[in-house]
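The next block is coords_0.pdb, given as PDB, C-alpha atoms.
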```
ATOM      1  CA  MET A   1      22.377 204.442 140.729
ATOM      2  CA  LEU A   2      22.157 204.697 144.519
ATOM      3  CA  THR A   3      23.381 207.928 146.086
ATOM      4  CA  ARG A   4      24.859 208.663 149.504
ATOM      5  CA  ARG A   5      24.666 212.389 150.213
ATOM      6  CA  SER A   6      27.330 214.165 152.217
ATOM      7  CA  ASN A   7      24.890 215.618 154.750
ATOM      8  CA  ASP A   8      23.379 212.182 155.404
ATOM      9  CA  ARG A   9      26.708 210.698 156.520
ATOM     10  CA  GLY A  10      27.547 209.987 160.124
ATOM     11  CA  HIS A  11      29.373 212.766 161.973
ATOM     12  CA  ALA A  12      31.890 212.654 164.820
ATOM     13  CA  ASP A  13      33.128 215.836 166.512
ATOM     14  CA  PHE A  14      36.007 215.356 168.945
ATOM     15  CA  GLY A  15      37.219 218.926 168.801
ATOM     16  CA  TRP A  16      40.605 217.968 167.380
ATOM     17  CA  LEU A  17      38.879 215.739 164.785
ATOM     18  CA  GLN A  18      35.919 216.340 162.499
ATOM     19  CA  SER A  19      34.967 213.112 160.744
ATOM     20  CA  ARG A  20      32.232 212.197 158.285
ATOM     21  CA  HIS A  21      31.378 208.505 157.908
ATOM     22  CA  THR A  22      29.948 207.228 154.624
ATOM     23  CA  PHE A  23      29.332 203.843 156.267
ATOM     24  CA  SER A  24      28.741 202.698 159.844
ATOM     25  CA  PHE A  25      31.829 203.342 161.933
ATOM     26  CA  GLY A  26      32.639 203.653 165.621
ATOM     27  CA  GLN A  27      29.634 205.029 167.515
ATOM     28  CA  TYR A  28      27.777 205.724 164.270
ATOM     29  CA  PHE A  29      25.598 202.776 163.250
ATOM     30  CA  ASP A  30      23.204 202.639 160.311
ATOM     31  CA  PRO A  31      22.111 199.143 159.253
ATOM     32  CA  ASP A  32      21.338 200.471 155.760
ATOM     33  CA  HIS A  33      24.909 201.682 155.297
ATOM     34  CA  MET A  34      27.316 198.965 156.416
ATOM     35  CA  GLY A  35      29.526 199.096 153.330
ATOM     36  CA  PHE A  36      29.314 198.251 149.649
ATOM     37  CA  GLY A  37      30.795 194.959 148.513
ATOM     38  CA  PRO A  38      34.313 194.753 149.992
ATOM     39  CA  LEU A  39      34.366 198.536 150.577
ATOM     40  CA  ARG A  40      33.771 198.924 154.304
ATOM     41  CA  VAL A  41      34.818 202.450 155.338
ATOM     42  CA  ILE A  42      35.172 205.870 153.739
ATOM     43  CA  ASN A  43      35.862 208.428 156.450
ATOM     44  CA  GLU A  44      36.531 212.033 155.545
ATOM     45  CA  ASP A  45      38.735 213.326 158.375
ATOM     46  CA  ARG A  46      39.969 216.779 159.288
ATOM     47  CA  VAL A  47      42.544 216.924 162.086
ATOM     48  CA  VAL A  48      43.724 220.145 163.720
ATOM     49  CA  PRO A  49      47.463 220.977 163.824
ATOM     50  CA  GLY A  50      49.564 218.735 166.060
ATOM     51  CA  ALA A  51      46.725 216.339 166.970
ATOM     52  CA  GLY A  52      45.896 212.821 165.834
ATOM     53  CA  PHE A  53      45.025 209.217 166.539
ATOM     54  CA  GLY A  54      47.191 207.581 169.202
ATOM     55  CA  GLU A  55      48.457 204.036 168.886
ATOM     56  CA  HIS A  56      45.613 201.570 168.284
ATOM     57  CA  PRO A  57      45.256 198.064 166.807
ATOM     58  CA  HIS A  58      43.768 196.684 163.582
ATOM     59  CA  ARG A  59      43.528 193.278 161.968
ATOM     60  CA  ASP A  60      42.226 191.701 158.744
ATOM     61  CA  MET A  61      41.673 194.944 156.857
ATOM     62  CA  GLU A  62      43.270 196.828 153.956
ATOM     63  CA  ILE A  63      43.559 200.439 155.171
ATOM     64  CA  LEU A  64      44.195 203.166 152.604
ATOM     65  CA  SER A  65      44.878 206.859 153.195
ATOM     66  CA  TRP A  66      44.500 209.533 150.503
ATOM     67  CA  VAL A  67      45.464 213.029 151.655
ATOM     68  CA  LEU A  68      43.645 216.005 150.140
ATOM     69  CA  GLU A  69      45.412 218.789 152.062
ATOM     70  CA  GLY A  70      48.257 218.905 154.561
ATOM     71  CA  THR A  71      50.571 216.136 155.772
ATOM     72  CA  LEU A  72      49.635 212.963 157.674
ATOM     73  CA  GLU A  73      52.309 211.306 159.811
ATOM     74  CA  HIS A  74      52.158 207.508 160.259
ATOM     75  CA  LYS A  75      53.973 205.124 162.614
ATOM     76  CA  ASP A  76      53.303 201.433 163.107
ATOM     77  CA  SER A  77      54.473 198.261 164.851
ATOM     78  CA  LEU A  78      56.151 197.127 161.619
ATOM     79  CA  GLY A  79      58.722 199.851 162.193
ATOM     80  CA  THR A  80      57.303 202.129 159.517
ATOM     81  CA  GLY A  81      57.578 205.866 159.973
ATOM     82  CA  ALA A  82      56.304 207.975 157.094
ATOM     83  CA  GLN A  83      54.591 211.161 156.076
ATOM     84  CA  ILE A  84      51.786 211.102 153.518
ATOM     85  CA  GLN A  85      51.057 214.141 151.371
ATOM     86  CA  PRO A  86      48.660 214.923 148.512
ATOM     87  CA  GLY A  87      49.408 212.710 145.516
ATOM     88  CA  GLU A  88      50.530 209.764 147.680
ATOM     89  CA  LEU A  89      48.509 206.632 148.428
ATOM     90  CA  GLN A  90      49.306 204.688 151.585
ATOM     91  CA  ARG A  91      48.220 201.091 152.144
ATOM     92  CA  MET A  92      48.567 199.270 155.433
ATOM     93  CA  SER A  93      47.561 195.613 155.469
ATOM     94  CA  ALA A  94      46.528 194.890 159.039
ATOM     95  CA  GLY A  95      46.429 191.130 158.461
ATOM     96  CA  THR A  96      47.119 189.090 161.595
ATOM     97  CA  GLY A  97      47.483 192.278 163.632
ATOM     98  CA  VAL A  98      49.237 195.628 163.649
ATOM     99  CA  THR A  99      49.185 198.774 165.767
ATOM    100  CA  HIS A 100      49.672 202.251 164.360
ATOM    101  CA  SER A 101      49.219 205.951 165.001
ATOM    102  CA  GLU A 102      48.325 208.831 162.697
ATOM    103  CA  PHE A 103      48.985 212.490 163.422
ATOM    104  CA  ASN A 104      48.825 215.808 161.706
ATOM    105  CA  ALA A 105      52.494 216.460 160.988
ATOM    106  CA  SER A 106      52.025 220.237 160.980
ATOM    107  CA  LYS A 107      51.859 222.526 164.011
ATOM    108  CA  ASN A 108      50.162 225.207 161.927
ATOM    109  CA  GLU A 109      47.969 223.708 159.203
ATOM    110  CA  PRO A 110      45.098 221.184 159.388
ATOM    111  CA  VAL A 111      45.240 217.887 157.528
ATOM    112  CA  HIS A 112      42.282 216.722 155.430
ATOM    113  CA  PHE A 113      42.239 213.139 154.215
ATOM    114  CA  LEU A 114      40.132 210.139 153.284
ATOM    115  CA  GLN A 115      40.646 206.933 155.228
ATOM    116  CA  ILE A 116      39.371 203.899 153.349
ATOM    117  CA  TRP A 117      38.953 200.337 154.599
ATOM    118  CA  ILE A 118      38.594 197.401 152.232
ATOM    119  CA  LEU A 119      37.961 193.838 153.320
ATOM    120  CA  PRO A 120      40.868 191.616 152.208
ATOM    121  CA  GLU A 121      40.421 188.642 149.907
ATOM    122  CA  LYS A 122      41.854 186.373 152.621
ATOM    123  CA  LEU A 123      41.995 186.496 156.390
ATOM    124  CA  GLY A 124      45.259 186.077 158.252
ATOM    125  CA  LEU A 125      47.539 187.827 155.777
ATOM    126  CA  ALA A 126      50.954 188.974 156.923
ATOM    127  CA  PRO A 127      50.861 192.648 157.922
ATOM    128  CA  GLY A 128      52.426 194.955 155.369
ATOM    129  CA  TYR A 129      52.882 198.544 154.261
ATOM    130  CA  GLU A 130      53.218 200.338 150.943
ATOM    131  CA  GLN A 131      53.238 204.009 149.984
ATOM    132  CA  ARG A 132      53.654 205.513 146.554
ATOM    133  CA  ARG A 133      53.645 208.991 145.047
ATOM    134  CA  PHE A 134      51.760 209.593 141.816
ATOM    135  CA  ALA A 135      52.205 212.404 139.317
ATOM    136  CA  LEU A 136      48.812 214.056 139.566
ATOM    137  CA  ALA A 137      49.245 215.440 136.066
ATOM    138  CA  GLY A 138      48.459 211.862 135.040
ATOM    139  CA  SER A 139      44.981 212.216 136.580
ATOM    140  CA  MET A 140      43.986 215.420 134.785
ATOM    141  CA  ASN A 141      40.801 214.640 132.866
ATOM    142  CA  GLN A 142      41.617 210.926 132.874
ATOM    143  CA  TRP A 143      41.492 207.955 135.214
ATOM    144  CA  LEU A 144      44.744 207.238 137.041
ATOM    145  CA  LEU A 145      45.025 203.785 138.634
ATOM    146  CA  ILE A 146      46.519 204.197 142.125
ATOM    147  CA  GLY A 147      45.590 200.925 143.863
ATOM    148  CA  SER A 148      44.722 197.445 142.608
ATOM    149  CA  GLY A 149      44.478 193.775 143.403
ATOM    150  CA  SER A 150      46.393 193.311 140.135
ATOM    151  CA  PRO A 151      48.791 196.262 140.311
ATOM    152  CA  ARG A 152      50.130 197.717 137.090
ATOM    153  CA  ASN A 153      51.596 201.013 135.971
ATOM    154  CA  GLY A 154      52.955 201.644 139.453
ATOM    155  CA  ALA A 155      49.702 201.155 141.369
ATOM    156  CA  VAL A 156      49.811 200.159 145.043
ATOM    157  CA  LYS A 157      48.960 196.524 145.819
ATOM    158  CA  VAL A 158      45.589 195.989 147.517
ATOM    159  CA  HIS A 159      44.781 192.463 148.677
ATOM    160  CA  GLN A 160      41.325 192.380 147.111
ATOM    161  CA  ASP A 161      39.778 192.298 143.626
ATOM    162  CA  VAL A 162      39.509 196.071 143.328
ATOM    163  CA  ASP A 163      40.844 198.804 141.076
ATOM    164  CA  LEU A 164      40.997 202.263 142.650
ATOM    165  CA  TYR A 165      41.210 205.246 140.310
ATOM    166  CA  VAL A 166      41.554 208.975 140.899
ATOM    167  CA  ALA A 167      40.708 211.707 138.416
ATOM    168  CA  ARG A 168      40.912 215.483 138.524
ATOM    169  CA  LEU A 169      38.471 217.089 136.115
ATOM    170  CA  GLY A 170      38.224 220.599 134.791
ATOM    171  CA  ALA A 171      34.720 222.024 134.581
ATOM    172  CA  GLY A 172      32.918 220.697 131.512
ATOM    173  CA  ASN A 173      35.172 217.681 131.052
ATOM    174  CA  GLU A 174      33.699 214.201 130.825
ATOM    175  CA  LEU A 175      35.027 210.734 131.644
ATOM    176  CA  GLU A 176      33.665 207.278 130.873
ATOM    177  CA  HIS A 177      34.445 204.114 132.788
ATOM    178  CA  VAL A 178      33.583 200.659 131.473
ATOM    179  CA  PRO A 179      33.832 197.855 134.069
ATOM    180  CA  ARG A 180      35.164 194.450 133.116
ATOM    181  CA  GLY A 181      31.948 192.460 133.461
ATOM    182  CA  SER A 182      29.418 192.788 136.276
ATOM    183  CA  ARG A 183      31.091 194.815 139.015
ATOM    184  CA  ASN A 184      30.391 196.905 142.063
ATOM    185  CA  LEU A 185      31.279 200.542 141.335
ATOM    186  CA  TRP A 186      31.519 203.269 143.962
ATOM    187  CA  LEU A 187      32.204 206.890 143.019
ATOM    188  CA  GLN A 188      33.306 209.269 145.791
ATOM    189  CA  VAL A 189      33.480 213.010 145.152
ATOM    190  CA  ALA A 190      36.418 214.401 147.101
ATOM    191  CA  ARG A 191      36.213 217.969 145.782
ATOM    192  CA  GLY A 192      33.986 219.956 143.462
ATOM    193  CA  SER A 193      30.894 218.612 141.740
ATOM    194  CA  VAL A 194      30.012 216.215 138.929
ATOM    195  CA  LYS A 195      26.892 215.007 137.160
ATOM    196  CA  VAL A 196      26.218 211.275 136.771
ATOM    197  CA  ASP A 197      23.011 209.657 135.503
ATOM    198  CA  GLY A 198      21.371 213.062 135.508
ATOM    199  CA  GLU A 199      22.162 213.767 139.188
ATOM    200  CA  VAL A 200      24.633 216.309 140.522
ATOM    201  CA  LEU A 201      27.023 214.973 143.154
ATOM    202  CA  ASN A 202      28.905 217.446 145.340
ATOM    203  CA  ALA A 203      31.981 217.088 147.563
ATOM    204  CA  GLY A 204      31.377 214.314 150.096
ATOM    205  CA  ASP A 205      28.660 212.635 148.038
ATOM    206  CA  GLY A 206      28.957 209.057 146.831
ATOM    207  CA  ALA A 207      27.173 206.908 144.276
ATOM    208  CA  ALA A 208      26.957 203.138 143.805
ATOM    209  CA  TRP A 209      26.167 200.762 140.958
ATOM    210  CA  THR A 210      26.245 197.035 140.349
ATOM    211  CA  THR A 211      26.542 196.946 136.585
ATOM    212  CA  ASP A 212      28.368 195.663 133.535
ATOM    213  CA  GLY A 213      27.662 198.864 131.622
ATOM    214  CA  PRO A 214      29.567 202.151 131.407
ATOM    215  CA  ILE A 215      29.201 205.148 133.666
ATOM    216  CA  ILE A 216      29.822 208.679 132.413
ATOM    217  CA  VAL A 217      30.960 211.450 134.745
ATOM    218  CA  LEU A 218      30.646 215.116 133.732
ATOM    219  CA  ALA A 219      32.380 217.754 135.854
ATOM    220  CA  THR A 220      30.049 220.665 136.641
ATOM    221  CA  SER A 221      32.973 222.395 138.389
ATOM    222  CA  ALA A 222      36.630 221.570 138.917
ATOM    223  CA  ALA A 223      36.514 218.238 140.751
ATOM    224  CA  GLU A 224      38.552 215.413 142.251
ATOM    225  CA  ILE A 225      36.906 211.993 142.295
ATOM    226  CA  LEU A 226      37.766 208.462 143.390
ATOM    227  CA  LEU A 227      36.317 205.410 141.654
ATOM    228  CA  PHE A 228      36.316 201.896 143.138
ATOM    229  CA  ASP A 229      35.778 199.093 140.591
ATOM    230  CA  MET A 230      35.247 195.977 142.723
ATOM    231  CA  THR A 231      34.210 192.371 142.840
ATOM    232  CA  VAL A 232      30.540 191.811 143.559
ATOM    233  CA  SER A 233      31.535 189.454 146.369
ATOM    234  CA  ASP A 234      32.358 190.713 149.873
ATOM    235  CA  MET A 235      33.439 187.351 151.218
ATOM    236  CA  THR A 236      36.834 186.654 152.731
ATOM    237  CA  ASN A 237      38.433 183.299 153.422
TER     238      ASN A 237
END
```
How would this structure read if it were set down as structure tokens?
Amino acid sequence: MLTRRSNDRGHADFGWLQSRHTFSFGQYFDPDHMGFGPLRVINEDRVVPGAGFGEHPHRDMEILSWVLEGTLEHKDSLGTGAQIQPGELQRMSAGTGVTHSEFNASKNEPVHFLQIWILPEKLGLAPGYEQRRFALAGSMNQWLLIGSGSPRNGAVKVHQDVDLYVARLGAGNELEHVPRGSRNLWLQVARGSVKVDGEVLNAGDGAAWTTDGPIIVLATSAAEILLFDMTVSDMTN
């Protein structure tokens, strides 16, 4: 298991935005942390009330947003206007090109969210958007599939060989995950703390494996975790 500690992540402070970068992003560059398989970005962002990212372009990337607290407002050149709240996963496929903006929808409360970029399985896809609400009761002490290259059980479509799970664990509860063959696995702790392979991971920490064997996660406090089960290839066509 390889670990990526919260305090070792890149940090951007723009006043209105506090952002922690698990992998190289923007002005933060670390050649040892450029991504993991097709997983390219995990940014933990906190945006003050009423502020946000103005209109800007993207292409050839699957962009996911998972809100932990508050409400994120999204607008894009596809004509989409939406608000994303805890329990909802948003996917924007940038494909051949799209512009969008993201703002804190509240004038009073901050928004705290994870922005995730995944390399698509093919370049030049048509831009697209999907957003879905999940009953978080379905993630209590169990894996809940929220995004997938082979969507099932209501999961959001992601144009890559990846399964994205969320779980909320009570202290002392344990979960096992068995990948389907040799896979890249990335575990991101969004809240609380867990123990994996004898190491305690706290909020903001991540861990990586390339394995065909199971991983077992034990919550040492109430925790929310994301698990990416991915192809070992990071190539796009």
What do you get, as a ChimeraX atom specification, if you spell out every residue that the PyMOL selection byres ((chain A and resi 119) around 7) selects here? /A:38-40,61-62,117-118,120-121
What does the distance from atom CA of Asp205 of chain A to atom CA of Phe25 of chain A come to in Å, to one decimal? 17.0 Å
List the spatial neighbours of Gln90 of chain A as a PyMOL selection string - criterion: any atom at most 9 Å away, all atoms listed in the file, same-chain residues fewer than 5 positions off excluded. chain A and resi 63-66+84+129-133+156
Residues returned when the PyMOL selection byres ((chain A and resi 99-103) around 12) runs on this file, as JSON, numbers by chain: {"A": [16, 17, 45, 46, 47, 48, 49, 50, 51, 52, 53, 54, 55, 56, 57, 58, 59, 63, 65, 70, 71, 72, 73, 74, 75, 76, 77, 78, 79, 80, 81, 82, 83, 84, 90, 92, 93, 94, 95, 96, 97, 98, 104, 105, 106, 107, 110, 111, 112, 113, 115, 127, 128, 129]}
Can those selected residues be exported to a file as an mmCIF file, in the frame of the given file so that it contains C-alpha atoms?
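selection.cif written:
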```
data_model
loop_
_atom_site.group_PDB
_atom_site.id
_atom_site.type_symbol
_atom_site.label_atom_id
_atom_site.label_comp_id
_atom_site.auth_asym_id
_atom_site.auth_seq_id
_atom_site.Cartn_x
_atom_site.Cartn_y
_atom_site.Cartn_z
ATOM 1 C CA TRP A 16 40.605 217.968 167.380
ATOM 2 C CA LEU A 17 38.879 215.739 164.785
ATOM 3 C CA ASP A 45 38.735 213.326 158.375
ATOM 4 C CA ARG A 46 39.969 216.779 159.288
ATOM 5 C CA VAL A 47 42.544 216.924 162.086
ATOM 6 C CA VAL A 48 43.724 220.145 163.720
ATOM 7 C CA PRO A 49 47.463 220.977 163.824
ATOM 8 C CA GLY A 50 49.564 218.735 166.060
ATOM 9 C CA ALA A 51 46.725 216.339 166.970
ATOM 10 C CA GLY A 52 45.896 212.821 165.834
ATOM 11 C CA PHE A 53 45.025 209.217 166.539
ATOM 12 C CA GLY A 54 47.191 207.581 169.202
ATOM 13 C CA GLU A 55 48.457 204.036 168.886
ATOM 14 C CA HIS A 56 45.613 201.570 168.284
ATOM 15 C CA PRO A 57 45.256 198.064 166.807
ATOM 16 C CA HIS A 58 43.768 196.684 163.582
ATOM 17 C CA ARG A 59 43.528 193.278 161.968
ATOM 18 C CA ILE A 63 43.559 200.439 155.171
ATOM 19 C CA SER A 65 44.878 206.859 153.195
ATOM 20 C CA GLY A 70 48.257 218.905 154.561
ATOM 21 C CA THR A 71 50.571 216.136 155.772
ATOM 22 C CA LEU A 72 49.635 212.963 157.674
ATOM 23 C CA GLU A 73 52.309 211.306 159.811
ATOM 24 C CA HIS A 74 52.158 207.508 160.259
ATOM 25 C CA LYS A 75 53.973 205.124 162.614
ATOM 26 C CA ASP A 76 53.303 201.433 163.107
ATOM 27 C CA SER A 77 54.473 198.261 164.851
ATOM 28 C CA LEU A 78 56.151 197.127 161.619
ATOM 29 C CA GLY A 79 58.722 199.851 162.193
ATOM 30 C CA THR A 80 57.303 202.129 159.517
ATOM 31 C CA GLY A 81 57.578 205.866 159.973
ATOM 32 C CA ALA A 82 56.304 207.975 157.094
ATOM 33 C CA GLN A 83 54.591 211.161 156.076
ATOM 34 C CA ILE A 84 51.786 211.102 153.518
ATOM 35 C CA GLN A 90 49.306 204.688 151.585
ATOM 36 C CA MET A 92 48.567 199.270 155.433
ATOM 37 C CA SER A 93 47.561 195.613 155.469
ATOM 38 C CA ALA A 94 46.528 194.890 159.039
ATOM 39 C CA GLY A 95 46.429 191.130 158.461
ATOM 40 C CA THR A 96 47.119 189.090 161.595
ATOM 41 C CA GLY A 97 47.483 192.278 163.632
ATOM 42 C CA VAL A 98 49.237 195.628 163.649
ATOM 43 C CA ASN A 104 48.825 215.808 161.706
ATOM 44 C CA ALA A 105 52.494 216.460 160.988
ATOM 45 C CA SER A 106 52.025 220.237 160.980
ATOM 46 C CA LYS A 107 51.859 222.526 164.011
ATOM 47 C CA PRO A 110 45.098 221.184 159.388
ATOM 48 C CA VAL A 111 45.240 217.887 157.528
ATOM 49 C CA HIS A 112 42.282 216.722 155.430
ATOM 50 C CA PHE A 113 42.239 213.139 154.215
ATOM 51 C CA GLN A 115 40.646 206.933 155.228
ATOM 52 C CA PRO A 127 50.861 192.648 157.922
ATOM 53 C CA GLY A 128 52.426 194.955 155.369
ATOM 54 C CA TYR A 129 52.882 198.544 154.261
#
```
What residues come out when you apply the PyMOL selection byres ((chain A and resi 196) around 8) to this file, written as a list in words?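 When the PyMOL selection byres ((chain A and resi 196) around 8) is applied, the selected residues are Val194, Lys195, Asp197, Gly198, Glu199, Val200, Leu201, Ile215, Ile216, Val217 and Leu218 of chain A.
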Can you tell me, as an mmCIF file with C-alpha atoms, keeping the file's coordinate frame, what residues are no more than 12 Å from Gly213 of chain A when counting only C-alpha atoms, ignoring any on the same chain fewer than 4 positions away?
```cif
data_model
loop_
_atom_site.group_PDB
_atom_site.id
_atom_site.type_symbol
_atom_site.label_atom_id
_atom_site.label_comp_id
_atom_site.auth_asym_id
_atom_site.auth_seq_id
_atom_site.Cartn_x
_atom_site.Cartn_y
_atom_site.Cartn_z
ATOM 1 C CA MET A 1 22.377 204.442 140.729
ATOM 2 C CA GLU A 176 33.665 207.278 130.873
ATOM 3 C CA HIS A 177 34.445 204.114 132.788
ATOM 4 C CA VAL A 178 33.583 200.659 131.473
ATOM 5 C CA PRO A 179 33.832 197.855 134.069
ATOM 6 C CA ARG A 180 35.164 194.450 133.116
ATOM 7 C CA GLY A 181 31.948 192.460 133.461
ATOM 8 C CA SER A 182 29.418 192.788 136.276
ATOM 9 C CA ARG A 183 31.091 194.815 139.015
ATOM 10 C CA ASN A 184 30.391 196.905 142.063
ATOM 11 C CA LEU A 185 31.279 200.542 141.335
ATOM 12 C CA TRP A 209 26.167 200.762 140.958
#
```
Per-axis box centre and lengths in Å around segment 15-28 of chain A, 8 Å margin per side, axis-aligned, as JSON:
```
{"center_x": 34.2, "center_y": 210.8, "center_z": 161.7, "size_x": 28.8, "size_y": 32.2, "size_z": 30.2}
```
Using all atoms listed in the file: which of A:Ser148, A:Ser139, A:Thr22, A:Ser6 has the shortest distance to Arg91 of chain A: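 Ranking A:Ser148, A:Ser139, A:Thr22, A:Ser6 by distance to Arg91 of chain A, first place goes to A:Ser148.
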Nearest-residue call for Ala167 of chain A, choices A:Leu187, A:Leu125, A:Ile225, A:Ala219, using only C-alpha atoms: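 Result for the nearest residue to Ala167 of chain A: A:Ile225.
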For atom CA of Leu114 of chain A and atom CA of Val232 of chain A, the interatomic separation in Å (one decimal): 22.9 Å
Residue nearest Glu174 of chain A among A:Ala207, A:Ala12, A:Gln142, A:Ile42 (counting all atoms listed in the file):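 Between A:Ala207, A:Ala12, A:Gln142, A:Ile42, the residue approaching Glu174 of chain A most closely is A:Gln142.
Residues within 6 Å of Phe228 of chain A, counting only C-alpha atoms and excluding same-chain residues fewer than 3 positions away, are Asp163, Leu164, Leu185 and Trp186 of chain A.
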Please report the interatomic distance between atom CA of Pro151 of chain A and atom CA of Glu69 of chain A in Å with one decimal.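 Pair atom CA of Pro151 of chain A / atom CA of Glu69 of chain A returns 25.6 Å.
Among the candidates A:Met230, A:Ala171, A:Met140, A:Ala203, the one nearest to Leu68 of chain A when counting all atoms listed in the file is A:Ala203.
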Tell me which of A:Leu123, A:Ala222, A:Leu2, A:Val41 sits closest to Gly170 of chain A, counting all atoms listed in the file.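 Of A:Leu123, A:Ala222, A:Leu2, A:Val41, the one nearest Gly170 of chain A is A:Ala222, counting all atoms listed in the file.
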